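Trainee: Have a look at this one.
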Amino acid sequence: MVSSANPRTTPIRVLVAKPGLDGHDRGAKVMVRALRDAGMEVIYTGLFQTPEMIARAAIDEDADVIGLSILSGAHLALFPKIFAELEKAGVDDVLVVAGGTIPNEDVPRVKELGVAEVFGPGTPMEEAVRFIREHAPDRSGE
Amino acid sequence: MTVTQSDRLVERFRAGDRAALARLISWVENGRPAGLRAMAELYRATGQAYVVGITGPPGAGKSTLTNALIRGYRTRGKTVAVVAVDPSSALTGGATLGDRIRMLENFDDPDVYIRSMATRGEMGGLSLAVGAVVHLLDAYGFDVILIETVGVGQDEVDVGELADTTLLLQVPGLGDAIQTIKAGVLEIADLLVVNKADMAGANDLVRDLRMMLRLGEHGPWVAPIVETVATEHRNVDTLIDKIEQHAAYLAESGEGRRRRERRDRREVSRLARRWLAAQVDAVLAEADTRELLVDLGRRETDPWRVATEAARRSAGRFQRSG
């Protein structure tokens, strides 16, 4: 079997998605740029994504991480559907983080759904990058 | 890592599980031994898909055309997989993979699979990694595999190595076609697509391309020029007809068989050379060789002699490991 002698550490693959109907993706785009500059491979799917579209993209792209950017306030309606779709496909090892405008009182419920961390407005980019780097699933032991 | 897990993934893959396909692609892309073992097991099932390469300068509309081609092929009842390749940053290794944005029309169709890949800065590694992913998509059973890659560096030539039919996209307004198409690139095009054909300058571009084709050397197949407006799906059906004509030409002339033989040989050659290069790197890290390098630094020997010795030891390593 031909294989490389030196095991290569591979870039973290992140899907950045904008669920729902708000039309502002400046924050998402800044995030895309920051993650890319941190050496990650970032798949950006654009605005107005349904939960089904996001889950499908994450599954097909085998993303290590899903970054959800949401400003519309519909997080409690949309996030559960994303997790349901992932579960249906048998994908249970994706790190999901969220950013945007999620009120503090909703954070516990969002985390209960399976979101690992919520980055509110004004979170320094380095903090989100560090969190993703430290918590992205290590699939090398599969 | 256990063999059982890779076996289970292969099993799920064979049962048509998309998540298993996606995970196996990552394994193969990352060069993991379990991925390569799975690949070896699945390889026999390949050789069925028709592979179309789509290349051209940034902004030519490759992703939009790919989206239109997906729909066109789906209308004809074909299942379609896409590999969209984007460059990695040489500085950070990161990449922005944004081609999916233009291909969302077909997101809920189970017979469409889209995968983004970064080049990861490997010379020739692109075609090895993309080639392996194409094998997996082929084994999974997709009828048509579209490889989309930007025409910079060697990438556009690489895609010509992997595809049965290669489309070269051009758009009006990028300047003189004679200057924008690099040497060696026109030769890989089986079909020339003038996209955004509703823009000013399209006719001039078609005329220039026609002239370039006439001046160049070509065999019995002369690349047709197809004018499309991918955003409106205009003429995309004609384009698929032309791709099918090219497929028929490849089959009838024997050129298709020759291409596939060439592709197989090149893949084996690249894999073997990568393996040998890894042996050389390992030898250069050995203490004995480092001594030779010290001698070289003192000018007591020369690079040619050391290289010969390193190659000899690499071959020795190879025999021991084989």
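Naming scheme: A, B, ... for chains in displayed order of the structure tokens; residues 1 onward per chain; ligands 1 onward as shown.
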Within 9 Å of chain A, which residues of chain B are there when counting only C-alpha atoms? Please give them as an MDAnalysis selection string.
Mentor: chainID B and resid 1:2 5:6 17:19 21:23 25:26 30:34 36:37 40 88:89 91:102 104 107:108 113:118 120 271:272 274:275 278:279 281:282
Trainee: Name all residues at most 9 Å from Val97 in chain A (count only C-alpha atoms; drop same-chain ones fewer than 2 positions away) and give them as a ChimeraX atom specification.
Mentor: /A:65-69,95,99,114-119,128,132
Trainee: Those same residues, written as an mmCIF file, in the first residue's frame with C-alpha atoms?
Mentor:
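For reference, result_14.cif as written:
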```cif
data_model
loop_
_atom_site.group_PDB
_atom_site.id
_atom_site.type_symbol
_atom_site.label_atom_id
_atom_site.label_comp_id
_atom_site.auth_asym_id
_atom_site.auth_seq_id
_atom_site.Cartn_x
_atom_site.Cartn_y
_atom_site.Cartn_z
ATOM 1 C CA VAL A 65 -17.415 22.251 12.317
ATOM 2 C CA ILE A 66 -20.652 24.098 11.513
ATOM 3 C CA GLY A 67 -20.686 27.819 12.259
ATOM 4 C CA LEU A 68 -24.211 29.230 12.317
ATOM 5 C CA SER A 69 -24.618 32.960 12.001
ATOM 6 C CA LEU A 95 -18.849 20.662 16.400
ATOM 7 C CA GLY A 99 -22.848 33.621 16.456
ATOM 8 C CA GLY A 114 -26.084 20.689 20.971
ATOM 9 C CA VAL A 115 -24.486 24.045 20.167
ATOM 10 C CA ALA A 116 -21.066 23.931 21.835
ATOM 11 C CA GLU A 117 -20.562 27.672 22.160
ATOM 12 C CA VAL A 118 -22.336 30.916 21.377
ATOM 13 C CA PHE A 119 -20.314 33.943 20.302
ATOM 14 C CA ALA A 128 -13.859 31.996 18.189
ATOM 15 C CA ILE A 132 -12.836 25.969 17.141
#
```
Trainee: When you draw a straight line from CA of Gly122 in chain A to CA of Gly27 in chain A, how long is it in Å?
Mentor: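 Separation of CA of Gly122 in chain A and CA of Gly27 in chain A: 10.5 Å.
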Trainee: Find, counting only C-alpha atoms, the residue in A:Val16, A:Ala28, A:Ala74, A:Ala98 that gets nearest to Gly120 in chain A.
Mentor: A:Ala98
Trainee: Measure the distance from CA of Lys62 in chain B to CA of Gly160 in chain B in Å and round it to one decimal.
Mentor: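 About the pair CA of Lys62 in chain B and CA of Gly160 in chain B: they are 15.4 Å apart.
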Trainee: Name all residues at most 12 Å from range 300-309 of chain B (count only C-alpha atoms; drop same-chain ones fewer than 6 positions away) and give them as a PDB file with N, CA and C atoms, in the first residue's frame.
Mentor:
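For reference, out.pdb as written:
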```pdb
ATOM      1  N   VAL B 280      13.283   8.854  -0.145  1.00  0.00           N
ATOM      2  CA  VAL B 280      14.459   9.727  -0.208  1.00  0.00           C
ATOM      3  C   VAL B 280      14.470  10.660   0.997  1.00  0.00           C
ATOM      4  N   ASP B 281      13.314  11.237   1.312  1.00  0.00           N
ATOM      5  CA  ASP B 281      13.230  12.139   2.476  1.00  0.00           C
ATOM      6  C   ASP B 281      13.613  11.402   3.753  1.00  0.00           C
ATOM      7  N   VAL B 283      15.570   8.780   4.004  1.00  0.00           N
ATOM      8  CA  VAL B 283      17.015   8.506   3.977  1.00  0.00           C
ATOM      9  C   VAL B 283      17.801   9.761   4.370  1.00  0.00           C
ATOM     10  N   LEU B 284      17.349  10.916   3.870  1.00  0.00           N
ATOM     11  CA  LEU B 284      18.066  12.165   4.162  1.00  0.00           C
ATOM     12  C   LEU B 284      17.999  12.523   5.642  1.00  0.00           C
ATOM     13  N   ASP B 288      23.459   8.503   9.088  1.00  0.00           N
ATOM     14  CA  ASP B 288      24.542   8.246   8.118  1.00  0.00           C
ATOM     15  C   ASP B 288      24.548   9.282   6.999  1.00  0.00           C
ATOM     16  N   THR B 289      23.331   9.572   6.524  1.00  0.00           N
ATOM     17  CA  THR B 289      23.234  10.503   5.404  1.00  0.00           C
ATOM     18  C   THR B 289      23.574  11.912   5.866  1.00  0.00           C
ATOM     19  N   ARG B 290      23.159  12.208   7.105  1.00  0.00           N
ATOM     20  CA  ARG B 290      23.460  13.552   7.616  1.00  0.00           C
ATOM     21  C   ARG B 290      24.974  13.770   7.652  1.00  0.00           C
ATOM     22  N   GLU B 291      25.722  12.704   7.945  1.00  0.00           N
ATOM     23  CA  GLU B 291      27.192  12.812   7.919  1.00  0.00           C
ATOM     24  C   GLU B 291      27.678  13.183   6.527  1.00  0.00           C
ATOM     25  N   LEU B 292      27.079  12.540   5.531  1.00  0.00           N
ATOM     26  CA  LEU B 292      27.457  12.860   4.141  1.00  0.00           C
ATOM     27  C   LEU B 292      27.176  14.328   3.838  1.00  0.00           C
ATOM     28  N   LEU B 293      26.079  14.835   4.429  1.00  0.00           N
ATOM     29  CA  LEU B 293      25.719  16.234   4.180  1.00  0.00           C
ATOM     30  C   LEU B 293      26.709  17.171   4.870  1.00  0.00           C
ATOM     31  N   VAL B 294      27.226  16.725   6.015  1.00  0.00           N
ATOM     32  CA  VAL B 294      28.268  17.505   6.689  1.00  0.00           C
ATOM     33  C   VAL B 294      29.512  17.556   5.801  1.00  0.00           C
ATOM     34  N   ALA B 315      16.588   2.921  -2.413  1.00  0.00           N
ATOM     35  CA  ALA B 315      16.216   1.658  -3.065  1.00  0.00           C
ATOM     36  C   ALA B 315      16.370   0.512  -2.073  1.00  0.00           C
ATOM     37  N   GLY B 316      17.401   0.576  -1.255  1.00  0.00           N
ATOM     38  CA  GLY B 316      17.617  -0.450  -0.220  1.00  0.00           C
ATOM     39  C   GLY B 316      16.463  -0.483   0.758  1.00  0.00           C
TER      40      GLY B 316
END
```
Trainee: Just give me the gap between CA of Ala139 in chain B and CA of Gly35 in chain B in Å, one decimal is fine.
Mentor: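 Atom-to-atom, CA of Ala139 in chain B and CA of Gly35 in chain B are spaced 13.8 Å apart.
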Trainee: My list of candidates is B:Val159, B:Val28, B:Leu69, B:Val268. Which is closest to Val85 in chain B when distances are computed with only C-alpha atoms?
Mentor: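 Comparing B:Val159, B:Val28, B:Leu69, B:Val268 against Val85 in chain B, the winner is B:Val159.
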Trainee: Within 9 Å of Leu24 in chain B, counting only C-alpha atoms, which residues show up once you throw out same-chain ones fewer than 6 positions away? Write them as a list in words, please.
Mentor: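 So, after excluding close chain neighbours, the residues are Ser6, Leu9, Val10, Phe13, Ala34, Gly35, Ala38, Met39, Val133 and Leu136 of chain B.
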Trainee: Pull the helix (DSSP H, G or I) assignments for range 9-142 of chain A out of DSSP run on the backbone, and list those residues as an NGL selection string.
Mentor: :A and (26-37 or 51-60 or 75-88 or 104-113 or 125-135)
Trainee: Which residues are near Thr149 in chain B? Cut-off 10 Å, only C-alpha atoms, ignore same chain within fewer than 2 positions. Put them as a tab-separated table (two decimals) with C-alpha atoms, in the first residue's frame.
Mentor:
```tsv
chain	number	residue	atom	x	y	z
B	53	GLY	CA	-13.59	18.91	-16.46
B	54	ILE	CA	-14.59	22.57	-16.30
B	55	THR	CA	-11.84	25.15	-16.21
B	56	GLY	CA	-11.35	28.81	-17.04
B	57	PRO	CA	-10.28	32.08	-15.45
B	58	PRO	CA	-11.81	33.39	-12.21
B	62	LYS	CA	-17.63	28.03	-13.88
B	63	SER	CA	-19.78	27.40	-10.79
B	83	VAL	CA	-15.87	18.22	-7.22
B	84	ALA	CA	-15.28	21.97	-6.89
B	85	VAL	CA	-11.61	22.80	-6.40
B	86	ASP	CA	-10.43	26.11	-5.00
B	87	PRO	CA	-6.88	27.22	-4.17
B	117	MET	CA	-11.84	20.68	-2.17
B	118	ALA	CA	-8.86	22.90	-1.52
B	119	THR	CA	-5.66	22.48	-3.53
B	146	LEU	CA	-18.04	17.30	-12.98
B	147	ILE	CA	-14.66	18.63	-11.84
B	151	GLY	CA	-7.44	27.99	-14.52
B	152	VAL	CA	-4.32	29.15	-12.73
B	155	ASP	CA	-4.57	23.17	-12.37
B	156	GLU	CA	-6.23	23.51	-15.74
B	158	ASP	CA	-4.25	18.66	-14.38
B	159	VAL	CA	-8.00	18.59	-14.93
```
Trainee: Restricting the calculation to only C-alpha atoms: of A:Pro137, A:Met125, A:Lys29, A:Asp22, which residue gets closest to Asp93 in chain A?
Mentor: A:Pro137
Trainee: Show which residues sit within 9 Å of Thr50 in chain A, as a list in words. Count only C-alpha atoms, and ignore same-chain residues fewer than 6 positions away.
Mentor: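 Counting only the stated atoms, we get Lys18, Pro19, Gly20, Leu21, Leu78 and Ile82 of chain A.
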